[in-house]
file target.cif (mmCIF, C-alpha atoms and all ligand atoms)
data_upload
loop_
_atom_site.label_atom_id
_atom_site.label_comp_id
_atom_site.auth_asym_id
_atom_site.auth_seq_id
_atom_site.Cartn_x
_atom_site.Cartn_y
_atom_site.Cartn_z
CA MET A 1 -28.42 16.00 -7.96
CA LYS A 2 -29.00 19.70 -7.15
CA ARG A 3 -31.71 18.84 -4.64
CA ALA A 4 -29.60 16.18 -3.04
CA LEU A 5 -26.81 18.70 -2.66
CA THR A 6 -29.10 21.18 -0.89
CA ASP A 7 -30.25 18.44 1.45
CA LEU A 8 -26.66 17.61 2.19
CA ALA A 9 -25.49 21.16 2.73
CA VAL A 10 -24.85 20.79 6.44
CA PHE A 11 -22.63 23.87 6.41
CA GLY A 12 -25.24 26.49 5.61
CA GLY A 13 -26.19 25.64 2.07
CA PRO A 14 -24.92 26.79 -1.30
CA ALA A 15 -23.38 30.12 -0.42
CA ALA A 16 -24.60 32.24 -3.29
CA PHE A 17 -23.07 35.41 -1.87
CA LEU A 18 -19.54 34.05 -1.90
CA ARG A 19 -17.00 34.42 -4.70
CA PRO A 20 -16.20 31.04 -6.25
CA LEU A 21 -12.73 29.70 -5.45
CA LEU A 22 -11.07 27.91 -8.33
CA VAL A 23 -7.80 26.09 -8.84
CA GLY A 24 -5.47 27.79 -11.32
CA MET A 25 -6.78 31.34 -11.24
CA PRO A 26 -4.58 33.45 -13.53
CA THR A 27 -1.47 35.22 -12.24
CA VAL A 28 -1.58 38.28 -14.47
CA GLY A 29 0.78 40.60 -12.61
CA ASP A 30 0.77 44.30 -13.48
CA ARG A 31 -1.97 44.74 -16.07
CA ALA A 32 -0.72 48.20 -17.13
CA ARG A 33 2.70 46.72 -17.80
CA PHE A 34 1.14 43.99 -19.95
CA LEU A 35 -0.88 46.52 -21.96
CA ALA A 36 2.21 48.71 -22.45
CA ARG A 37 4.11 45.72 -23.84
CA LEU A 38 1.22 44.90 -26.12
CA GLU A 39 1.09 48.52 -27.38
CA TRP A 40 4.83 48.35 -27.96
CA ALA A 41 4.47 45.18 -30.05
CA LEU A 42 1.69 46.78 -32.11
CA ASP A 43 3.72 49.98 -32.62
CA ASN A 44 6.70 47.86 -33.55
CA GLU A 45 4.59 45.84 -36.00
CA TRP A 46 6.34 42.61 -35.07
CA LEU A 47 3.69 40.23 -33.77
CA THR A 48 5.17 36.73 -34.05
CA ASN A 49 8.00 34.73 -35.70
CA GLY A 50 10.60 35.01 -32.95
CA GLY A 51 9.89 38.63 -32.05
CA PRO A 52 11.76 40.66 -29.44
CA LEU A 53 9.31 39.89 -26.61
CA ALA A 54 9.44 36.12 -27.18
CA THR A 55 13.23 36.38 -27.41
CA GLU A 56 13.37 38.35 -24.16
CA LEU A 57 11.19 35.74 -22.47
CA GLU A 58 13.46 32.95 -23.71
CA GLY A 59 16.48 34.74 -22.28
CA ARG A 60 14.85 35.14 -18.90
CA ILE A 61 13.69 31.50 -18.79
CA ALA A 62 17.22 30.34 -19.65
CA ASP A 63 18.64 32.54 -16.86
CA ILE A 64 16.16 31.37 -14.25
CA THR A 65 16.56 27.69 -15.09
CA GLY A 66 20.32 27.98 -15.56
CA VAL A 67 20.42 26.43 -19.02
CA ARG A 68 22.05 27.60 -22.24
CA HIS A 69 18.91 27.45 -24.41
CA ALA A 70 15.22 28.11 -23.92
CA VAL A 71 12.92 27.68 -26.92
CA ALA A 72 9.50 29.27 -26.47
CA THR A 73 6.45 27.60 -28.00
CA CYS A 74 2.71 28.09 -28.35
CA ASN A 75 2.06 25.57 -25.54
CA ALA A 76 3.73 22.75 -23.65
CA THR A 77 1.97 19.96 -25.52
CA ALA A 78 3.50 21.14 -28.79
CA ALA A 79 6.84 21.59 -27.01
CA LEU A 80 6.76 17.94 -25.88
CA GLN A 81 5.99 16.83 -29.42
CA LEU A 82 8.81 18.95 -30.81
CA VAL A 83 11.35 17.67 -28.34
CA LEU A 84 10.47 14.03 -29.03
CA ARG A 85 10.65 14.64 -32.81
CA ALA A 86 13.80 16.75 -32.68
CA SER A 87 15.58 14.08 -30.59
CA GLY A 88 14.78 11.34 -33.10
CA VAL A 89 13.06 9.16 -30.52
CA THR A 90 11.41 6.00 -31.87
CA GLY A 91 9.32 3.21 -30.35
CA GLN A 92 8.14 3.44 -26.77
CA VAL A 93 8.27 6.21 -24.21
CA ILE A 94 8.10 5.21 -20.55
CA MET A 95 6.14 7.74 -18.50
CA PRO A 96 3.92 7.95 -15.44
CA SER A 97 0.18 7.58 -15.78
CA LEU A 98 -0.39 10.03 -12.91
CA THR A 99 -0.10 13.09 -15.14
CA PHE A 100 -2.15 15.29 -17.40
CA ALA A 101 -3.36 13.67 -20.64
CA ALA A 102 -1.04 16.00 -22.60
CA THR A 103 1.99 13.91 -21.58
CA PRO A 104 0.93 10.66 -23.32
CA HIS A 105 -0.90 12.60 -26.05
CA ALA A 106 2.29 14.35 -27.11
CA ALA A 107 4.08 11.02 -27.55
CA SER A 108 1.14 9.39 -29.33
CA TRP A 109 0.69 12.36 -31.65
CA VAL A 110 4.22 11.94 -33.00
CA GLY A 111 3.74 8.20 -33.52
CA LEU A 112 5.34 6.97 -30.31
CA GLU A 113 3.82 4.52 -27.86
CA PRO A 114 3.31 5.66 -24.26
CA VAL A 115 4.19 2.93 -21.77
CA PHE A 116 2.65 3.73 -18.41
CA CYS A 117 4.76 3.07 -15.35
CA ASP A 118 3.75 3.02 -11.69
CA VAL A 119 4.88 5.72 -9.30
CA ASP A 120 6.41 5.91 -5.88
CA PRO A 121 3.52 5.77 -3.38
CA VAL A 122 4.85 8.74 -1.41
CA THR A 123 6.10 11.17 -4.08
CA GLY A 124 3.73 10.28 -6.92
CA CYS A 125 6.67 10.49 -9.34
CA LEU A 126 8.12 7.64 -11.45
CA ASP A 127 9.49 4.72 -9.44
CA PRO A 128 12.94 4.01 -10.99
CA ALA A 129 12.77 0.30 -10.12
CA ARG A 130 9.50 -0.01 -12.07
CA VAL A 131 10.98 2.02 -14.94
CA GLU A 132 13.91 -0.34 -15.20
CA GLU A 133 11.57 -3.35 -15.48
CA LEU A 134 9.87 -1.71 -18.47
CA ILE A 135 13.01 -0.91 -20.44
CA THR A 136 13.32 -3.11 -23.56
CA PRO A 137 15.02 -2.74 -26.94
CA ALA A 138 11.84 -0.92 -28.06
CA THR A 139 12.33 1.85 -25.48
CA GLY A 140 13.25 5.17 -27.06
CA ALA A 141 12.92 7.51 -24.12
CA ILE A 142 11.90 8.03 -20.53
CA LEU A 143 9.63 10.98 -19.88
CA GLY A 144 9.45 11.90 -16.19
CA VAL A 145 6.96 14.34 -14.68
CA HIS A 146 7.82 16.65 -11.77
CA LEU A 147 4.42 16.13 -10.21
CA TRP A 148 3.07 19.12 -8.25
CA GLY A 149 6.45 20.82 -8.56
CA ARG A 150 8.35 18.08 -6.72
CA ALA A 151 11.21 16.68 -8.77
CA ALA A 152 11.05 13.21 -10.30
CA PRO A 153 13.96 10.96 -9.17
CA VAL A 154 16.35 12.74 -11.50
CA ALA A 155 19.63 11.05 -10.53
CA GLU A 156 18.24 7.51 -10.74
CA LEU A 157 16.55 8.19 -14.07
CA GLU A 158 19.71 9.79 -15.49
CA MET A 159 21.64 6.67 -14.54
CA LEU A 160 19.06 4.37 -16.13
CA ALA A 161 18.93 6.43 -19.33
CA ALA A 162 22.72 6.44 -19.66
CA GLU A 163 23.00 2.72 -18.89
CA HIS A 164 20.40 1.75 -21.50
CA GLY A 165 21.23 4.38 -24.10
CA VAL A 166 17.79 6.01 -24.12
CA LYS A 167 16.83 9.67 -24.05
CA LEU A 168 15.52 11.31 -20.89
CA PHE A 169 13.08 14.21 -20.80
CA PHE A 170 10.96 15.84 -18.15
CA ASP A 171 7.50 17.30 -18.32
CA ALA A 172 8.16 20.24 -15.99
CA ALA A 173 4.77 21.88 -16.50
CA HIS A 174 4.25 21.99 -12.73
CA ALA A 175 7.78 22.93 -11.78
CA PHE A 176 8.73 26.36 -13.06
CA GLY A 177 11.00 28.04 -10.49
CA CYS A 178 11.56 24.83 -8.49
CA THR A 179 14.87 23.21 -7.60
CA PHE A 180 16.15 19.71 -6.99
CA GLY A 181 19.31 19.25 -4.92
CA GLY A 182 19.62 23.02 -5.08
CA ARG A 183 19.79 22.93 -8.91
CA SER A 184 17.06 24.55 -10.97
CA ILE A 185 14.59 22.29 -12.70
CA GLY A 186 14.99 22.88 -16.43
CA GLY A 187 18.53 21.56 -16.71
CA PHE A 188 17.97 17.86 -16.08
CA GLY A 189 17.95 15.06 -18.66
CA ASP A 190 18.29 15.86 -22.36
CA ALA A 191 15.61 18.56 -22.17
CA GLU A 192 12.72 19.73 -20.02
CA VAL A 193 9.39 21.27 -20.97
CA PHE A 194 7.50 24.05 -19.15
CA SER A 195 3.93 25.18 -19.61
CA PHE A 196 2.77 28.79 -19.42
CA HIS A 197 -0.88 27.94 -19.79
CA ALA A 198 -3.33 30.35 -18.13
CA THR A 199 -3.66 28.06 -15.09
CA LYS A 200 0.06 27.78 -14.41
CA THR A 201 2.16 29.80 -11.97
CA VAL A 202 3.73 31.84 -14.80
CA MET A 203 1.30 32.22 -17.64
CA ALA A 204 1.22 33.54 -21.19
CA PHE A 205 -2.48 32.84 -21.94
CA GLU A 206 -1.11 29.82 -23.83
CA GLY A 207 2.59 29.09 -23.97
CA GLY A 208 5.42 26.71 -23.28
CA ALA A 209 9.17 26.32 -23.52
CA VAL A 210 11.83 23.68 -23.94
CA THR A 211 15.00 24.17 -21.91
CA THR A 212 18.24 22.36 -22.75
CA ASP A 213 22.01 22.70 -22.73
CA ASP A 214 22.23 20.91 -26.07
CA GLY A 215 22.84 23.57 -28.74
CA GLU A 216 22.15 21.25 -31.68
CA LEU A 217 18.87 20.11 -30.19
CA ALA A 218 17.88 23.75 -29.60
CA GLU A 219 18.64 24.61 -33.22
CA ARG A 220 16.49 21.72 -34.46
CA LEU A 221 13.69 22.82 -32.14
CA VAL A 222 13.85 26.39 -33.46
CA ALA A 223 13.51 25.06 -37.01
CA LEU A 224 10.81 22.49 -36.22
CA ARG A 225 8.58 25.01 -34.42
CA ASN A 226 8.73 27.19 -37.56
CA PHE A 227 7.73 24.79 -40.38
CA GLY A 228 11.18 23.17 -40.45
CA ILE A 229 12.84 26.31 -41.80
CA ASP A 230 16.49 26.16 -40.78
CA ARG A 231 18.92 29.02 -40.19
CA ASN A 232 19.78 29.14 -43.92
CA LYS A 233 16.07 29.68 -44.66
CA SER A 234 15.94 26.21 -46.18
CA VAL A 235 13.11 23.79 -45.29
CA THR A 236 15.08 20.78 -44.14
CA ALA A 237 12.58 19.00 -41.87
CA VAL A 238 8.86 18.27 -41.59
CA GLY A 239 8.15 21.06 -39.17
CA MET A 240 5.03 22.38 -37.56
CA ASN A 241 3.84 25.78 -36.44
CA ALA A 242 4.46 25.98 -32.72
CA LYS A 243 5.77 29.51 -32.31
CA MET A 244 4.92 31.81 -29.41
CA SER A 245 3.20 35.04 -30.43
CA GLU A 246 4.30 38.45 -29.12
CA ALA A 247 0.96 38.85 -27.34
CA SER A 248 1.63 35.66 -25.40
CA ALA A 249 5.21 36.71 -24.75
CA ALA A 250 3.98 40.09 -23.42
CA MET A 251 1.72 38.23 -21.00
CA GLY A 252 4.45 35.73 -20.11
CA LEU A 253 6.96 38.49 -19.32
CA THR A 254 4.43 40.35 -17.18
CA SER A 255 3.38 37.23 -15.29
CA LEU A 256 7.06 36.38 -14.86
CA ASP A 257 7.72 39.88 -13.41
CA ALA A 258 5.23 38.95 -10.68
CA PHE A 259 6.56 35.43 -10.16
CA GLU A 260 8.46 36.00 -6.88
CA GLU A 261 5.41 37.72 -5.42
CA THR A 262 3.18 34.87 -6.66
CA ARG A 263 5.56 32.36 -5.15
CA GLU A 264 5.55 34.10 -1.76
CA ARG A 265 1.78 34.34 -1.69
CA ASN A 266 1.46 30.69 -2.63
CA ARG A 267 4.02 29.68 -0.03
CA ASP A 268 2.10 31.54 2.68
CA ASN A 269 -1.19 30.08 1.43
CA HIS A 270 0.27 26.59 1.52
CA ALA A 271 1.60 27.14 5.06
CA LEU A 272 -1.84 28.32 6.21
CA TYR A 273 -3.54 25.28 4.66
CA ARG A 274 -0.98 23.07 6.43
CA SER A 275 -1.55 24.67 9.82
CA GLU A 276 -5.35 24.92 9.52
CA LEU A 277 -5.63 21.22 8.66
CA HIS A 278 -2.83 20.01 10.91
CA GLY A 279 -3.87 17.05 13.02
CA VAL A 280 -7.18 16.41 11.26
CA PRO A 281 -7.38 12.59 11.12
CA GLY A 282 -7.40 11.20 7.59
CA ILE A 283 -6.47 14.55 6.02
CA GLU A 284 -2.99 15.63 4.95
CA VAL A 285 -1.76 18.65 3.03
CA LEU A 286 1.23 17.42 1.05
CA PRO A 287 4.42 19.07 2.37
CA PHE A 288 7.27 20.39 0.26
CA ASP A 289 10.96 19.82 0.97
CA GLU A 290 12.00 23.00 2.81
CA ARG A 291 15.57 22.70 1.50
CA GLU A 292 14.37 23.15 -2.08
CA ARG A 293 12.76 26.11 -3.78
CA ASN A 294 9.19 25.39 -4.73
CA ASN A 295 6.58 27.43 -6.57
CA HIS A 296 3.81 26.16 -4.26
CA GLN A 297 1.49 26.25 -7.23
CA TYR A 298 -0.43 23.22 -6.01
CA VAL A 299 -1.98 22.64 -2.61
CA ILE A 300 -2.52 18.89 -2.61
CA LEU A 301 -4.93 17.44 -0.09
CA LEU A 302 -4.58 13.70 0.48
CA THR A 303 -7.69 12.13 1.92
CA ASP A 304 -7.85 8.77 3.63
CA ARG A 305 -11.35 7.38 3.46
CA ALA A 306 -10.54 4.55 5.85
CA VAL A 307 -10.04 7.22 8.54
CA THR A 308 -12.56 9.94 7.66
CA GLY A 309 -15.30 7.59 6.47
CA LEU A 310 -15.90 10.06 3.65
CA HIS A 311 -15.29 9.39 -0.02
CA ARG A 312 -12.99 11.91 -1.74
CA ASP A 313 -15.63 12.65 -4.37
CA ARG A 314 -18.19 13.46 -1.67
CA LEU A 315 -15.83 15.87 -0.01
CA ARG A 316 -15.37 17.45 -3.41
CA THR A 317 -19.13 17.77 -3.97
CA LEU A 318 -19.56 19.30 -0.52
CA LEU A 319 -16.88 21.87 -1.27
CA GLN A 320 -18.50 22.62 -4.63
CA ALA A 321 -21.80 23.25 -2.87
CA GLU A 322 -19.95 25.97 -0.93
CA LYS A 323 -18.47 27.40 -4.15
CA VAL A 324 -15.05 25.88 -3.65
CA PHE A 325 -13.92 24.00 -6.75
CA PRO A 326 -11.07 21.56 -6.11
CA ARG A 327 -9.48 19.71 -9.02
CA LEU A 328 -8.49 16.09 -9.36
CA TYR A 329 -4.79 15.88 -10.22
CA PHE A 330 -5.15 13.32 -11.75
CA SER A 331 -8.26 11.18 -11.82
CA PRO A 332 -8.73 8.96 -13.65
CA PRO A 333 -5.03 8.39 -14.29
CA CYS A 334 -4.12 8.25 -17.98
CA HIS A 335 -3.99 4.45 -18.26
CA LEU A 336 -7.67 4.28 -17.26
CA MET A 337 -8.90 6.99 -19.64
CA PRO A 338 -11.02 5.56 -22.45
CA VAL A 339 -8.40 6.53 -25.02
CA TYR A 340 -5.55 4.62 -23.29
CA ARG A 341 -7.44 1.94 -21.37
CA THR A 342 -6.59 -1.63 -22.35
CA ASP A 343 -8.71 -4.75 -21.94
CA PRO A 344 -8.07 -6.10 -19.38
CA PRO A 345 -6.96 -2.81 -17.86
CA LEU A 346 -3.37 -2.32 -16.80
CA ARG A 347 -3.11 -2.23 -13.01
CA LEU A 348 -0.88 0.43 -11.49
CA GLU A 349 -1.42 0.03 -7.79
CA HIS A 350 0.22 3.14 -6.37
CA THR A 351 -0.97 5.37 -9.19
CA GLU A 352 -4.57 4.29 -8.71
CA ARG A 353 -4.42 4.59 -4.93
CA LEU A 354 -3.00 8.12 -5.06
CA SER A 355 -5.34 9.15 -7.84
CA GLU A 356 -8.33 8.27 -5.63
CA ARG A 357 -7.06 10.27 -2.66
CA VAL A 358 -6.06 13.60 -4.18
CA LEU A 359 -7.88 16.92 -4.17
CA ALA A 360 -6.05 20.05 -5.34
CA LEU A 361 -7.29 23.10 -3.42
CA PRO A 362 -7.51 26.72 -4.62
CA THR A 363 -4.46 28.92 -4.21
CA GLY A 364 -2.81 31.85 -5.95
CA PRO A 365 -2.45 35.57 -5.20
CA SER A 366 -6.21 36.15 -5.45
CA VAL A 367 -7.04 33.61 -2.74
CA SER A 368 -7.09 35.33 0.66
CA PHE A 369 -6.24 33.90 4.06
CA GLU A 370 -9.91 34.30 4.93
CA ASP A 371 -10.84 32.20 1.87
CA ILE A 372 -8.42 29.51 3.00
CA ARG A 373 -9.80 29.47 6.55
CA ARG A 374 -13.27 29.01 5.08
CA VAL A 375 -12.14 26.12 2.85
CA CYS A 376 -10.36 24.47 5.78
CA SER A 377 -13.35 24.79 8.10
CA ILE A 378 -15.46 22.94 5.52
CA VAL A 379 -12.81 20.23 5.15
CA ARG A 380 -12.44 19.90 8.92
CA LEU A 381 -16.17 19.60 9.52
CA ALA A 382 -16.57 17.16 6.63
CA ALA A 383 -13.74 14.99 7.91
CA GLU A 384 -15.11 15.00 11.44
CA ARG A 385 -18.62 14.09 10.31
CA GLY A 386 -17.56 11.84 7.46
CA GLU A 387 -19.65 8.81 8.36
CA GLN A 388 -22.74 10.90 9.09
CA ILE A 389 -22.42 12.62 5.71
CA ASP A 390 -21.87 9.33 3.90
CA ALA A 391 -25.04 7.96 5.53
CA MET A 392 -27.06 11.08 4.61
CA TRP A 393 -25.69 10.82 1.12
CA ALA A 394 -26.81 7.24 0.71
CA GLN A 395 -30.34 8.37 1.61
CA ALA A 396 -30.38 11.50 -0.55
CA VAL A 397 -28.73 9.97 -3.59
CA PRO A 398 -29.96 6.39 -3.92
CA ALA A 399 -27.43 4.21 -5.66
C1 LIG A 401 -0.58 21.89 -18.11
C2 LIG A 401 0.15 20.62 -18.35
C3 LIG A 401 0.55 20.23 -19.63
C4 LIG A 401 0.09 20.91 -20.88
O1 LIG A 401 0.50 22.21 -21.00
P1 LIG A 401 -0.11 23.11 -22.17
O2 LIG A 401 0.79 24.31 -22.15
O3 LIG A 401 -1.51 23.43 -21.76
O4 LIG A 401 -0.03 22.36 -23.44
C5 LIG A 401 1.34 19.09 -19.77
N1 LIG A 401 1.68 18.35 -18.71
C6 LIG A 401 1.30 18.68 -17.45
C7 LIG A 401 1.75 17.83 -16.30
C8 LIG A 401 0.50 19.82 -17.24
O5 LIG A 401 0.10 20.12 -16.00
#
call {"tool": "encode", "arguments": {"input": "target.cif", "output": "structure tokens", "more": "lines below"}}
Ligand SMILES: *Cc1c(COP(=O)(O)O)cnc(C)c1O
result
Amino acid sequence: MKRALTDLAVFGGPAAFLRPLLVGMPTVGDRARFLARLEWALDNEWLTNGGPLATELEGRIADITGVRHAVATCNATAALQLVLRASGVTGQVIMPSLTFAATPHAASWVGLEPVFCDVDPVTGCLDPARVEELITPATGAILGVHLWGRAAPVAELEMLAAEHGVKLFFDAAHAFGCTFGGRSIGGFGDAEVFSFHATKTVMAFEGGAVTTDDGELAERLVALRNFGIDRNKSVTAVGMNAKMSEASAAMGLTSLDAFEETRERNRDNHALYRSELHGVPGIEVLPFDERERNNHQYVILLTDRAVTGLHRDRLRTLLQAEKVFPRLYFSPPCHLMPVYRTDPPLRLEHTERLSERVLALPTGPSVSFEDIRRVCSIVRLAAERGEQIDAMWAQAVPA
């Protein structure tokens, strides 16, 4: 494969002198500030169990998302599990398949059955009409995903959930700092879940949070994340350990301090990608609704092989040969992963079509405009010479 790649490197060959460009490079913020917070936690000798830094982070998340309660956790996957458990959901959970494996895993891990639903072909988020078809007496909840920071169809899903008496949650791992209809994501449905994993726009090494206006739910979450110990110090539920440590909270606060700067850099990066690739046939950089606030954490390239003549995976390999490492958000989609695949496989037309077209490109404060121009020149050339490259490929890499 290595040799084939070299043969195919029509753009100058593997560029060993260049810095690799990755998706999800960490947004640390002011390192000195982080270390000072860490020193403070060590001096204070309070390292976990709802310490002052985790509590401060919860307060700031609640303020930013405009909710009454934010419950910080060790990661978003655990937060999803907690919220499903704490809400007493049983049976099936309707969710998109075009998401990270953590979404169905969280439901499965607490004994619920993920039911994969097709998405809107344009937004990539749940299609409410398809959701409605899947609602049965076994449905316990709907779990929407704000894919790439763009809100799921919140109003339609809220109506469906109310009409059928099921819970509604959102996996908001992509959508910290985003709005829908001018309202902050975090306050929709019964609860929403954020991720502060190292690759996310605000990061705490590992971390997550549930946001909700429901005080009773928040209290159950606080107990469940701490072994089921309630406010009277009595163990009243089968809890787990899903607390956020003070080290993670120190990182989360510092990354959050830098969030507006990160957002601006990402917005400018996204705009440059859009303009550099504007008008390239068969290539589109997914736009964001200018009326909403977006974190611009993801630069999503949609490729159309019918136009470029070039398979998405070949474009990806070409970029990798030039030290640019796009990610597939998400391919294969969850319903086709070995763990969830059925026989015969479920067919989700729009999910599968989108999944085959998407490449997420590198962004973040450490990606320069020059980097982006380089990435775009590779994409442009590849798209223009798509058929030629496909033909060369067939020769270099016999099927
Ligand atoms: C990152 C991510 C998660 C998992 O978050 P962790 O904090 O790593 O557990 C869940 N869902 C989506 C859509 C994600 O992107």
call {"tool": "residues_near_ligand", "arguments": {"input": "target.cif", "ligand": "ligand LIG 401 (chain A)", "cutoff": "6 Å", "atoms": "all atoms listed in the file", "output": "list in words"}}
result
Asn75, Ala76, Thr77, Thr99, Phe100, Ala102, Thr103, Asp171, Ala173, His174, Ser195, Phe196, His197, Gly207 and Gly208 of chain A
call {"tool": "closest_residue", "arguments": {"input": "target.cif", "among": "A:Asp230, A:Asp313, A:Glu356, A:Glu56", "to": "Ala382 (chain A)", "atoms": "only C-alpha atoms"}}
result
A:Asp313
call {"tool": "atom_distance", "arguments": {"input": "target.cif", "atom1": "CA of His335 (chain A)", "atom2": "CA of Gly309 (chain A)"}}
result
27.4 Å
call {"tool": "atom_distance", "arguments": {"input": "target.cif", "atom1": "CA of Asn295 (chain A)", "atom2": "CA of Phe170 (chain A)"}}
result
17.0 Å
call {"tool": "residues_around", "arguments": {"input": "target.cif", "residues": "Leu42 (chain A)", "least_positions_apart": "6", "cutoff": "10 Å", "atoms": "all atoms listed in the file", "output": "list in words"}}
result
Ala36, Glu246 and Ala247 of chain A
call {"tool": "atom_distance", "arguments": {"input": "target.cif", "atom1": "CA of Phe227 (chain A)", "atom2": "CA of Asn241 (chain A)"}}
result
5.6 Å
call {"tool": "residues_near_point", "arguments": {"input": "target.cif", "point": "(2.0, 44.7, -25.3)", "cutoff": "9 Å", "atoms": "all atoms listed in the file", "output": "list in words"}}
result
Arg33, Phe34, Leu35, Ala36, Arg37, Leu38, Glu39, Trp40, Ala41, Leu42, Leu53, Glu246, Ala247, Ala249, Ala250 and Met251 of chain A
call {"tool": "write_last_selection", "arguments": {"input": "target.cif", "atoms": "C-alpha atoms", "output": "mmCIF file, in the coordinates of the input"}}
result
data_model
loop_
_atom_site.group_PDB
_atom_site.id
_atom_site.type_symbol
_atom_site.label_atom_id
_atom_site.label_comp_id
_atom_site.auth_asym_id
_atom_site.auth_seq_id
_atom_site.Cartn_x
_atom_site.Cartn_y
_atom_site.Cartn_z
ATOM 1 C CA ARG A 33 2.700 46.720 -17.800
ATOM 2 C CA PHE A 34 1.140 43.990 -19.950
ATOM 3 C CA LEU A 35 -0.880 46.520 -21.960
ATOM 4 C CA ALA A 36 2.210 48.710 -22.450
ATOM 5 C CA ARG A 37 4.110 45.720 -23.840
ATOM 6 C CA LEU A 38 1.220 44.900 -26.120
ATOM 7 C CA GLU A 39 1.090 48.520 -27.380
ATOM 8 C CA TRP A 40 4.830 48.350 -27.960
ATOM 9 C CA ALA A 41 4.470 45.180 -30.050
ATOM 10 C CA LEU A 42 1.690 46.780 -32.110
ATOM 11 C CA LEU A 53 9.310 39.890 -26.610
ATOM 12 C CA GLU A 246 4.300 38.450 -29.120
ATOM 13 C CA ALA A 247 0.960 38.850 -27.340
ATOM 14 C CA ALA A 249 5.210 36.710 -24.750
ATOM 15 C CA ALA A 250 3.980 40.090 -23.420
ATOM 16 C CA MET A 251 1.720 38.230 -21.000
#
call {"tool": "closest_residue", "arguments": {"input": "target.cif", "among": "A:Val115, A:Val154, A:Gln81, A:Phe180", "to": "Leu346 (chain A)", "atoms": "only C-alpha atoms"}}
result
A:Val115
call {"tool": "residues_around", "arguments": {"input": "target.cif", "residues": "Ile389 (chain A)", "least_positions_apart": "3", "cutoff": "10 Å", "atoms": "all atoms listed in the file", "output": "JSON, numbers by chain"}}
result
{"A": [8, 9, 10, 309, 310, 311, 314, 315, 318, 382, 383, 384, 385, 386, 392, 393, 394, 395]}
call {"tool": "residues_around", "arguments": {"input": "target.cif", "residues": "Glu132 (chain A)", "least_positions_apart": "3", "cutoff": "12 Å", "atoms": "all atoms listed in the file", "output": "PyMOL selection string"}}
result
chain A and resi 94-95+117-118+126-129+135-136+139+141-142+156-164+166
call {"tool": "axis_aligned_box", "arguments": {"input": "target.cif", "around": "region 93-106 of chain A", "padding_each_side": "6 Å", "output": "AutoDock Vina command-line options"}}
result
--center_x 2.5 --center_y 10.6 --center_z -20.0 --size_x 23.6 --size_y 22.8 --size_z 26.2
call {"tool": "residues_around", "arguments": {"input": "target.cif", "residues": "Arg263 (chain A)", "least_positions_apart": "6", "cutoff": "12 Å", "atoms": "only C-alpha atoms", "output": "list in words"}}
result
Thr27, Ala175, Phe176, Gly177, Cys178, Lys200, Thr201, Val202, Ser255, Leu256, Asp257, Asn269, His270, Arg293, Asn294, Asn295, His296, Gln297, Tyr298, Thr363, Gly364 and Pro365 of chain A
call {"tool": "closest_residue", "arguments": {"input": "target.cif", "among": "A:Ser108, A:Ser248, A:Thr73, A:Asn49", "to": "Arg85 (chain A)", "atoms": "all atoms listed in the file"}}
result
A:Ser108
